[in-house]
Structures are given as structure tokens and as C-alpha cells.
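Here is coords.txt, consisting of compact mmCIF, C-alpha atoms:
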# COMPACT_ATOMS: atom_id res chain seq x y z
CA MET A 6 129.25 77.69 113.91
CA LYS A 7 129.30 73.92 114.48
CA THR A 8 132.65 72.27 115.19
CA ILE A 9 133.78 69.03 113.54
CA LEU A 10 136.76 66.97 114.68
CA LEU A 11 138.43 65.21 111.73
CA ILE A 12 140.70 62.29 112.73
CA GLU A 13 142.67 61.10 109.67
CA ASP A 14 146.29 59.97 109.31
CA ASP A 15 146.51 60.63 105.54
CA LYS A 16 147.78 64.23 105.40
CA ILE A 17 146.52 65.02 101.89
CA LEU A 18 143.05 63.59 102.52
CA ARG A 19 142.91 65.30 105.91
CA GLU A 20 143.74 68.70 104.44
CA ASN A 21 141.37 68.29 101.48
CA THR A 22 138.50 67.19 103.71
CA GLU A 23 139.23 70.00 106.16
CA GLU A 24 139.00 72.54 103.33
CA LEU A 25 135.74 71.01 102.08
CA LEU A 26 134.15 71.20 105.53
CA GLU A 27 135.33 74.77 106.12
CA LEU A 28 133.85 75.84 102.77
CA SER A 29 130.58 74.26 103.93
CA GLY A 30 130.51 76.54 106.97
CA TYR A 31 131.97 74.32 109.70
CA GLN A 32 134.81 75.00 112.12
CA VAL A 33 137.24 72.09 111.73
CA LEU A 34 139.71 70.61 114.22
CA THR A 35 142.10 67.92 112.97
CA ALA A 36 144.08 65.06 114.49
CA ALA A 37 146.72 62.94 112.73
CA ASN A 38 146.04 59.73 114.68
CA GLY A 39 143.60 58.15 117.08
CA LYS A 40 145.51 58.96 120.26
CA ILE A 41 145.60 62.67 119.45
CA GLY A 42 141.96 62.51 118.35
CA ILE A 43 140.78 61.08 121.68
CA ALA A 44 142.57 63.82 123.63
CA SER A 45 141.21 66.53 121.33
CA ALA A 46 137.63 65.22 121.58
CA LYS A 47 137.73 65.19 125.38
CA GLU A 48 139.21 68.69 125.51
CA THR A 49 137.10 70.46 122.85
CA LEU A 50 133.83 68.43 122.87
CA PRO A 51 133.10 68.92 119.14
CA ASP A 52 129.59 68.78 117.71
CA LEU A 53 130.51 65.80 115.47
CA ILE A 54 133.48 63.52 114.80
CA VAL A 55 134.61 62.14 111.43
CA CYS A 56 137.17 59.38 111.95
CA ASP A 57 139.28 57.04 109.82
CA ILE A 58 139.60 53.39 110.93
CA MET A 59 143.11 52.22 109.97
CA MET A 60 145.45 54.59 111.88
CA PRO A 61 148.63 54.40 113.99
CA GLU A 62 148.60 54.61 117.78
CA VAL A 63 144.85 53.91 118.17
CA ASP A 64 142.57 52.77 115.33
CA GLY A 65 139.08 54.16 114.71
CA TYR A 66 137.36 51.40 116.66
CA GLY A 67 139.56 52.19 119.66
CA VAL A 68 138.71 55.89 119.36
CA LEU A 69 134.98 55.16 119.37
CA GLU A 70 135.26 52.77 122.31
CA ALA A 71 137.28 55.30 124.33
CA LEU A 72 134.86 58.16 123.68
CA SER A 73 131.80 55.96 124.27
CA SER A 74 133.07 55.19 127.77
CA GLU A 75 133.23 58.88 128.73
CA LYS A 76 130.04 60.63 129.80
CA SER A 77 131.14 63.94 128.26
CA THR A 78 131.77 62.45 124.79
CA LEU A 79 129.26 59.58 124.78
CA HIS A 80 126.59 61.37 122.74
CA ILE A 81 128.81 63.13 120.17
CA PRO A 82 127.70 61.96 116.67
CA PHE A 83 130.41 59.75 115.16
CA ILE A 84 130.95 59.01 111.45
CA PHE A 85 133.49 56.46 110.24
CA LEU A 86 135.33 57.35 107.03
CA SER A 87 137.31 54.39 105.73
CA ALA A 88 138.47 52.37 102.74
CA ILE A 89 137.35 49.22 104.58
CA THR A 90 134.17 48.04 102.83
CA GLU A 91 133.55 44.55 104.22
CA HIS A 92 130.07 44.17 105.69
CA LYS A 93 131.44 42.61 108.90
CA ASP A 94 133.68 45.65 109.44
CA ILE A 95 130.80 48.04 108.80
CA ARG A 96 128.59 46.11 111.22
CA LYS A 97 131.39 46.15 113.82
CA GLY A 98 131.55 49.94 113.63
CA MET A 99 127.79 50.33 113.86
CA ASP A 100 127.59 47.84 116.75
CA LEU A 101 130.12 49.96 118.66
CA GLY A 102 127.79 52.93 118.34
CA ALA A 103 128.84 54.76 115.16
CA ASP A 104 126.08 56.88 113.61
CA ASP A 105 127.18 56.44 109.98
CA TYR A 106 129.84 54.78 107.81
CA LEU A 107 131.16 56.32 104.58
CA THR A 108 133.61 54.50 102.33
CA LYS A 109 136.53 56.06 100.48
CA PRO A 110 136.51 57.49 97.89
CA PHE A 111 133.40 59.46 98.82
CA GLU A 112 131.35 62.12 97.07
CA GLU A 113 131.43 65.60 98.62
CA GLU A 114 127.62 65.72 98.68
CA GLU A 115 127.54 62.33 100.43
CA LEU A 116 129.78 63.53 103.29
CA ILE A 117 127.96 66.85 103.76
CA SER A 118 124.54 65.13 103.61
CA ALA A 119 125.62 62.59 106.25
CA ILE A 120 126.95 65.35 108.53
CA GLU A 121 123.81 67.49 108.17
CA SER A 122 121.58 64.49 108.88
CA ARG A 123 123.54 63.44 112.00
CA MET A 124 123.66 67.02 113.29
CA ALA A 125 119.87 67.31 112.94
CA LYS A 126 119.32 63.95 114.60
CA ALA A 127 121.65 64.86 117.49
CA LYS A 128 119.66 68.05 118.11
CA LEU A 129 116.39 66.16 118.12
CA LEU A 130 117.73 63.54 120.53
CA HIS A 131 119.10 66.32 122.74
CA ASP A 132 115.63 67.87 122.83
CA ILE A 133 114.19 64.47 123.68
CA ASN A 134 116.50 64.14 126.70
CA ILE A 135 115.67 67.67 127.90
CA ASN A 136 111.91 67.17 127.63
CA LYS A 137 111.84 63.55 128.73
CA GLN A 138 109.27 62.93 131.44
CA LYS A 139 110.08 60.73 134.38
CA LYS A 140 107.92 57.71 133.64
CA VAL A 141 110.65 55.07 133.61
CA ASP A 142 108.85 52.85 136.10
CA ASP A 143 105.58 52.91 134.18
CA PRO A 144 105.36 49.63 132.20
CA ASN A 145 102.86 51.25 129.79
CA GLU A 146 105.17 54.15 128.92
CA ILE A 147 106.22 54.37 125.26
CA GLY A 148 109.24 56.66 125.28
CA ASN A 149 111.17 55.69 122.13
CA LEU A 150 110.85 53.98 118.76
CA ASN A 151 111.87 50.54 120.08
CA GLN A 152 109.03 50.67 122.61
CA LEU A 153 106.68 51.82 119.83
CA LYS A 154 107.75 48.78 117.78
CA ASN A 155 107.05 46.57 120.79
CA TYR A 156 103.57 48.11 120.91
CA PHE A 157 103.05 47.11 117.28
CA ASP A 158 104.25 43.57 118.07
CA ASP A 159 101.95 43.22 121.08
CA ASN A 160 98.86 45.09 119.89
CA GLY A 161 98.98 45.31 116.10
CA GLU A 162 96.94 43.18 113.74
CA VAL A 163 99.31 40.73 112.01
CA ILE A 164 98.76 40.64 108.24
CA LYS A 165 100.35 38.20 105.78
CA ILE A 166 100.86 39.37 102.19
CA ASN A 167 101.91 37.22 99.22
CA GLU A 168 104.76 38.24 96.93
CA GLY A 169 103.51 40.68 94.31
CA ASP A 170 100.37 41.65 96.24
CA THR A 171 99.58 45.25 97.11
CA ILE A 172 99.39 46.59 100.68
CA TYR A 173 97.83 49.91 99.71
CA HIS A 174 97.26 51.82 96.48
CA GLU A 175 98.12 55.36 95.45
CA GLY A 176 95.02 57.52 95.93
CA MET A 177 93.53 55.31 98.67
CA ARG A 178 92.67 56.88 102.04
CA SER A 179 95.48 56.33 104.52
CA THR A 180 94.04 54.93 107.75
CA ASN A 181 96.75 52.55 109.05
CA VAL A 182 100.45 52.49 109.87
CA TYR A 183 102.52 49.29 109.60
CA LEU A 184 105.65 47.71 111.05
CA ILE A 185 107.31 45.22 108.70
CA LEU A 186 107.95 41.98 110.58
CA LYS A 187 109.26 39.98 107.63
CA GLY A 188 109.98 40.64 103.95
CA VAL A 189 110.72 43.58 101.64
CA VAL A 190 108.34 46.25 100.31
CA LYS A 191 108.70 48.58 97.34
CA CYS A 192 106.82 51.88 97.21
CA HIS A 193 106.19 53.16 93.71
CA THR A 194 104.18 55.57 91.60
CA MET A 195 103.44 56.20 87.92
CA ASP A 196 104.81 59.08 85.85
CA GLN A 197 102.79 60.87 83.16
CA ASP A 198 103.80 58.26 80.56
CA GLY A 199 102.55 55.39 82.71
CA LYS A 200 106.07 54.25 83.67
CA GLU A 201 106.53 52.83 87.16
CA LEU A 202 109.01 54.69 89.38
CA ILE A 203 110.15 53.04 92.62
CA THR A 204 110.40 55.74 95.29
CA SER A 205 111.72 53.69 98.24
CA LEU A 206 112.44 50.22 99.62
CA TYR A 207 111.65 48.97 103.12
CA HIS A 208 112.62 45.80 104.98
CA ALA A 209 112.00 44.06 108.30
CA ASP A 210 111.84 46.40 111.33
CA ASP A 211 110.96 49.43 109.17
CA PHE A 212 107.78 51.48 109.55
CA LEU A 213 105.51 51.79 106.52
CA GLY A 214 102.61 54.08 105.71
CA PHE A 215 103.65 57.38 107.36
CA THR A 216 102.03 59.35 104.52
CA SER A 217 100.56 61.64 107.14
CA PHE A 218 99.61 61.53 110.80
CA MET A 219 96.16 62.74 109.78
CA ASN A 220 93.41 60.27 108.95
CA ASN A 221 91.79 60.11 105.52
CA VAL A 222 94.75 61.69 103.69
CA VAL A 223 95.29 59.81 100.41
CA ASN A 224 98.43 57.74 99.84
CA GLN A 225 100.87 59.37 97.44
CA GLU A 226 102.33 56.02 96.31
CA THR A 227 101.55 52.31 96.05
CA ALA A 228 103.18 49.71 98.33
CA THR A 229 103.82 46.20 96.96
CA ALA A 230 105.44 43.10 98.51
CA LEU A 231 108.68 42.05 96.77
CA GLU A 232 108.63 38.77 98.72
CA PRO A 233 106.27 37.03 101.19
CA LEU A 234 105.48 39.61 103.83
CA GLU A 235 104.28 39.88 107.43
CA LEU A 236 103.08 43.22 108.82
CA ALA A 237 101.84 44.46 112.18
CA SER A 238 99.18 47.13 111.64
CA ILE A 239 97.63 49.74 113.94
CA THR A 240 95.12 52.47 113.10
CA LYS A 241 96.05 56.11 112.98
CA GLU A 242 93.62 56.71 115.84
CA GLN A 243 95.79 54.42 117.98
CA LEU A 244 98.93 56.25 116.84
CA HIS A 245 97.36 59.63 117.65
CA GLN A 246 96.64 58.45 121.19
CA ILE A 247 100.19 57.16 121.66
CA VAL A 248 101.70 60.43 120.39
CA SER A 249 99.44 62.58 122.56
CA GLU A 250 100.31 60.62 125.71
CA ASN A 251 104.06 60.22 125.06
CA HIS A 252 105.66 63.48 124.06
CA THR A 253 109.12 62.12 123.17
CA ILE A 254 107.77 59.92 120.37
CA PRO A 255 107.05 62.76 117.87
CA LEU A 256 110.68 63.93 118.07
CA GLU A 257 112.05 60.45 117.37
CA LEU A 258 109.59 60.04 114.49
CA MET A 259 110.85 63.34 113.08
CA ALA A 260 114.42 62.04 113.30
CA LEU A 261 113.35 58.85 111.51
CA LEU A 262 111.61 60.78 108.73
CA SER A 263 114.63 63.11 108.45
CA ASP A 264 116.88 60.10 107.80
CA ASN A 265 114.42 58.80 105.18
CA ILE A 266 114.48 62.17 103.39
CA SER A 267 118.29 62.16 103.35
CA ASP A 268 118.30 58.66 101.82
CA ILE A 269 115.80 59.71 99.14
CA LYS A 270 117.86 62.85 98.39
CA HIS A 271 120.97 60.72 97.88
CA GLN A 272 119.07 58.35 95.56
CA LEU A 273 117.71 61.25 93.49
CA LEU A 274 121.22 62.71 93.08
CA GLN A 275 122.45 59.31 91.93
CA MET A 276 119.59 58.97 89.43
CA ALA A 277 120.20 62.46 88.06
CA TYR A 278 123.98 62.62 87.69
CA SER A 279 125.54 59.15 87.70
CA SER A 280 126.45 57.12 84.62
CA VAL A 281 124.31 54.13 83.59
CA ARG A 282 127.03 51.76 84.84
CA LYS A 283 127.26 53.50 88.22
CA LYS A 284 123.47 53.67 88.60
CA THR A 285 123.22 49.93 87.87
CA ALA A 286 126.06 49.04 90.26
CA GLN A 287 124.71 51.17 93.11
CA THR A 288 121.20 49.78 92.65
CA LEU A 289 122.49 46.20 92.82
CA LEU A 290 124.33 47.04 96.04
CA GLN A 291 121.22 48.74 97.45
CA PHE A 292 119.03 45.70 96.78
CA ALA A 293 121.71 43.37 98.16
CA GLU A 294 121.84 45.37 101.40
CA ILE A 295 118.07 45.48 101.83
CA MET A 296 117.17 41.94 100.71
CA ASN A 297 120.17 39.99 102.06
CA ASN A 298 122.47 40.05 105.06
CA ASP A 299 125.28 38.77 102.83
CA ALA A 300 125.91 40.45 99.47
CA SER A 301 127.18 37.12 98.07
CA GLU A 302 123.68 35.64 98.34
CA PRO A 303 121.61 35.85 95.14
CA ILE A 304 119.22 38.76 94.65
CA ARG A 305 115.88 37.66 93.26
CA ILE A 306 114.40 40.77 91.69
CA SER A 307 112.79 41.69 88.39
CA ARG A 308 114.79 43.66 85.85
CA ALA A 309 111.96 46.21 85.70
CA ASP A 310 112.24 46.88 89.46
CA LEU A 311 116.02 47.26 89.21
CA ALA A 312 115.66 49.68 86.30
CA SER A 313 112.97 51.66 88.12
CA VAL A 314 115.16 52.23 91.18
CA ALA A 315 118.19 53.06 89.03
CA GLY A 316 116.17 55.50 86.94
CA ILE A 317 117.17 53.98 83.58
CA ALA A 318 115.42 52.08 80.80
CA THR A 319 115.06 48.33 81.31
CA GLU A 320 116.92 47.67 78.05
CA SER A 321 119.87 49.78 79.22
CA LEU A 322 119.94 47.93 82.54
CA ILE A 323 119.93 44.51 80.85
CA ARG A 324 122.83 45.53 78.58
CA THR A 325 124.79 46.83 81.56
CA LEU A 326 124.16 43.66 83.58
CA SER A 327 125.40 41.63 80.60
CA GLY A 328 128.58 43.73 80.61
CA PHE A 329 129.06 43.20 84.36
CA LYS A 330 128.66 39.45 83.81
CA LYS A 331 131.34 39.42 81.09
CA GLU A 332 133.66 41.35 83.42
CA GLY A 333 133.13 38.75 86.15
CA LEU A 334 131.50 41.18 88.57
CA ILE A 335 128.21 39.28 88.82
CA GLU A 336 126.63 35.93 87.98
CA ILE A 337 123.16 35.70 86.41
CA GLU A 338 120.97 32.61 86.80
CA GLY A 339 117.53 33.34 85.41
CA ARG A 340 116.01 36.03 87.61
CA ASN A 341 118.71 35.68 90.26
CA ILE A 342 121.80 37.90 90.36
CA ARG A 343 124.80 37.07 92.53
CA ILE A 344 127.46 39.69 93.25
CA LYS A 345 130.96 38.21 92.85
CA GLU A 346 133.18 41.30 93.15
CA LEU A 347 131.62 43.54 95.81
CA LYS A 348 134.60 45.89 96.18
CA VAL A 349 134.96 46.42 92.43
CA LEU A 350 131.24 47.05 92.05
CA LYS A 351 131.37 49.78 94.73
CA TYR A 352 133.81 51.81 92.64
CA VAL A 353 132.23 51.43 89.21
CA THR A 354 132.06 54.84 87.51

Would you mind writing the file out in C-alpha cells?
Amino acid sequence: MKTILLIEDDKILRENTEELLELSGYQVLTAANGKIGIASAKETLPDLIVCDIMMPEVDGYGVLEALSSEKSTLHIPFIFLSAITEHKDIRKGMDLGADDYLTKPFEEEELISAIESRMAKAKLLHDININKQKKVDDPNEIGNLNQLKNYFDDNGEVIKINEGDTIYHEGMRSTNVYLILKGVVKCHTMDQDGKELITSLYHADDFLGFTSFMNNVVNQETATALEPLELASITKEQLHQIVSENHTIPLELMALLSDNISDIKHQLLQMAYSSVRKKTAQTLLQFAEIMNNDASEPIRISRADLASVAGIATESLIRTLSGFKKEGLIEIEGRNIRIKELKVLKYVT
């Protein structure tokens, strides 16, 4: 049984979350503030830590910094759970080394999905460290995803794609893998009625085209540029050679794909069970995060693409956007949408 340390000063939330985690099959340790949480983490070495930010004694940032400086607790997966939703605060937590950041109030499925994903990733990274070969001094060694991205930068064919153009089509043979250097890509497919469904969005520094590691397998979706795009491309033969010579890479790729699957699972749950207003709000926030560093900057995206990601009819999306505009949550200028009330939009139901 995996052990989770829950550090939360709100007694009711702490007890409710503890019960939820225990019902999900985890052993749960709790701490009422950051100081107690640090001591408990060092003593018990839990498998994962869920931690609030605003707490007495030591805040969540201080907890993460303290545990990151200790060799015994450095690699414990760490998830922030907080009502703080500003992008700069989220970035601060991630820069300190947090693995994930969930905002209150949160869905039960969202918390459990994040924990399962981070547990799986921690196991994979642990296996990587165990099996890591001692080739540190070899300048040609590719031992992690950052070095693989550097390989794309140095050796890949740079391709420029115009907005609206297609990178590859559904049904085409998959022979290349790409690293996005600049721009945003949507992957999409058609349902039986000929309606476009957007399956995923990718931005700069993301890999694209991992349909299969095998050559000549057909693409299961179409990839299209949402804005001017630059890609670095290598063939699957090159990737096969890299993987065969560097045994830690497959494990990190598995961790990457595992995270992608978790994101897609969350999006499918949203499409299936959320209200039209919530689907629209969450889709706006998703596009703002992917296409802009600052959510206050305008999002330039077609209504059809927004509706496709949200999983609703375009007419329903347009009516909902009009309602958001009347409520003062967004501004609409032609195709551009600017978010005015980020915090309110996060909690639309």
C-alpha cells in the first residue's frame, strides 16, 4: 500500500481529503502545518506528498524547499493543493520542483488521476536511475528527454508550416517524429457524421507524431498548424537507433506518454459530464494556457476549434461566449477573445 503525506491546515478539508484517499486504497499520514509536515516527511519518507501553500509556521513553498534540500526526500513526488490560482504563483511552485498543481475546489477524479500519474512517473524515473549506464562523460550520450530535444535541434530537419496548413493526415504512413520549435498544433479526426473532433493540442517544446515507434504505421489523426509553425523533424529510423543505443530514453518516453494519456482522460471526463458553461470556460482556459504565457492576452482561435475541444455544438459555444461577455468575464473582438476574470472563469459550473 502506497503512503501519502497530506499537509493541510484546514481541518475539515484535511479530514475529507484523507477519507477520499483512504477509500482509494492509500495509507494516509496528515500534518496540520508545514513545520509538522517537514518533520513527518523526513521521518516516514512517504511515496507522495500533497501540500497546501498558505499555512502557518512554514508555507508550502518553504516545505518544498526544505525537502528538496534533503537527499532522502529530494525525489518524493510533490503536488501543491491550493486556492492560489495566479499563473505567477503556479510557475513559482513548478520552478521550485513541484510535480503538479491542483486548485481548490478540486474534483475527486482530478486529485486521484494526478496522484496515479505522479506515482507511475516516479516509478519509471526510479527504474531509470537504477538502470542508468555510466556514460556521463560521453558527449554523444543521450540519457534523457532534454538531450533528445537537443538532438532534434542539432540534427533535425527544420520545417516551416503556415497557419492552417497540415503537417500530416489521418491514414498517412507515419515515418517521422517532430519537436515543435515554435507555434501551436491541433490534432483532430472526423467522426462518422463528418464532424471534426480535436483530440489534443501541442505547443513549443512538445513532441509530435508518436503514433507508433514502428515505421509505416498509419496516423490515427490529422495534425494542423493553429499559427505559424517551426518543427524539427527526424526519421523513425534515427529514433530507433537512439533508443537502441540509450536504454534510459524508452522509460522517459513512457513517462511522457503516460502524462499525455492522463491529460486526455481528464479532457474526456470534462466533455462527458460537465455543463456547457463549464466546458466552454475550461476550454478557454486550456487554449489560453497553451497559446499564451499570460491569460490576459487575446486568444485568436476559431469558434469551430473551441467547440471541437469542448465537445459541444458551435452554436451552443457562441451563445455561451455571448453570455460570458455580458457577465464581464471575457471581451470579444472579432475572432479574438480576451479573458477578463480568470478566477471567476475557473469556477464556472

**Study point:** Pick from A:Lys76, A:Arg19, A:Arg282, A:Lys40, whichever lies nearest to Ser321 of chain A using only C-alpha atoms
**Key:**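 When distances to Ser321 of chain A are compared using only C-alpha atoms, the smallest one comes from A:Arg282.
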
Review point. Closest to Thr229 of chain A among A:Thr35, A:Ser249, A:Asn341, A:Thr171, using only C-alpha atoms?
Key: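 Closest to Thr229 of chain A, using only C-alpha atoms: A:Thr171.
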
Point to revise | Shell around Arg324 of chain A at 12 Å using only C-alpha atoms, local window under 3 positions removed, as a list in words | key: Val281, Arg282, Thr285, Arg308, Ala312, Ile317, Ala318, Thr319, Glu320, Ser321, Ser327, Gly328, Phe329, Lys330 and Lys331 of chain A

Check your understanding: By how many Å are atom CA of Asn21 of chain A and atom CA of Asp64 of chain A apart?
Key ->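 Taking atom CA of Asn21 of chain A as the start and atom CA of Asp64 of chain A as the end point, the length is 20.8 Å.
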
Point to revise | Selected residue of minimal separation from Lys109 of chain A among A:Ala315, A:Met60, A:Leu18, A:Ala36, counting all atoms listed in the file | key: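 Going through A:Ala315, A:Met60, A:Leu18, A:Ala36 one by one, the smallest distance to Lys109 of chain A is for A:Leu18.
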
Exercise for review: In the coordinates of the file, take the point (100.8, 45.7, 106.3) and a cut-off of 8 Å; then, counting all atoms listed in the file, name each qualifying protein, DNA or RNA residue as a PyMOL selection string.
Suggested key: chain A and resi 163-166+172+182-185+213+235-238

Check your understanding: So how far away is atom CA of Leu86 of chain A from atom CA of Ala119 of chain A, in Å?
Key ->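 About the pair atom CA of Ala119 of chain A and atom CA of Leu86 of chain A: they are 11.1 Å apart.
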
Check your understanding: Quick one: distance from atom CA of Gln246 of chain A to atom CA of Val222 of chain A in Å, one decimal?
Key ->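 Atom CA of Val222 of chain A lies at a distance of 17.9 Å from atom CA of Gln246 of chain A.
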
**Study point:** Selected residue, from A:Leu290, A:Leu334, A:Val248, A:Leu347, that lies nearest to Leu153 of chain A when counting all atoms listed in the file
**Key:**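 Looking only at the distances to Leu153 of chain A, the closest residue turns out to be A:Val248.
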
So that I can see what lies close to Ala37 of chain A, please list as a CSV table (one decimal) with C-alpha atoms, in the coordinates of the input the residues with an atom at most 7 Å from it, counting only C-alpha atoms and leaving out residues fewer than 3 positions away in the same chain.
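That gives us selection.csv:
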chain,number,residue,atom,x,y,z
A,12,ILE,CA,140.7,62.3,112.7
A,13,GLU,CA,142.7,61.1,109.7
A,14,ASP,CA,146.3,60.0,109.3
A,41,ILE,CA,145.6,62.7,119.4

Exercise for review: For each of A:Ile239, A:Val63, A:Leu206, A:Leu26, take the minimum atom-to-atom distance to Ala293 of chain A, counting all atoms listed in the file, then give the residue where this is smallest.
Suggested key: A:Leu206

Point to revise | Given only C-alpha atoms as the counted atoms, nearest of A:Met296, A:Leu234, A:Glu201, A:Glu346 to Gly316 of chain A | key: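 Closest to Gly316 of chain A, using only C-alpha atoms: A:Glu201.
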
Review point. If I put a ball of radius 12 Å at (99.2, 51.7, 101.6) in the file's coordinates, which residues poke into it when counting all atoms listed in the file, written as a ChimeraX atom specification?
Key: /A:170-183,190-194,212-217,221-230,236,238

Segment 59-66 of chain A: axis-aligned bounding box, 6 Å on each side, centre and edge lengths in Å, one decimal, as AutoDock Vina command-line options:
--center_x 143.0 --center_y 53.0 --center_z 114.1 --size_x 23.3 --size_y 15.2 --size_z 20.2

Practice item. Please identify all polymer residues within 6 Å of Ile84 of chain A, counting only C-alpha atoms, omitting same-chain residues fewer than 4 positions from it, and present them as a ChimeraX atom specification. Key: /A:55,104-106

Go ahead and save the picked residues with C-alpha atoms, as a PDB file, in the coordinates of the input.
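What landed in out09.pdb:
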ATOM      1  CA  VAL A  55     134.610  62.140 111.430  1.00  0.00           C
ATOM      2  CA  ASP A 104     126.080  56.880 113.610  1.00  0.00           C
ATOM      3  CA  ASP A 105     127.180  56.440 109.980  1.00  0.00           C
ATOM      4  CA  TYR A 106     129.840  54.780 107.810  1.00  0.00           C
TER       5      TYR A 106
END
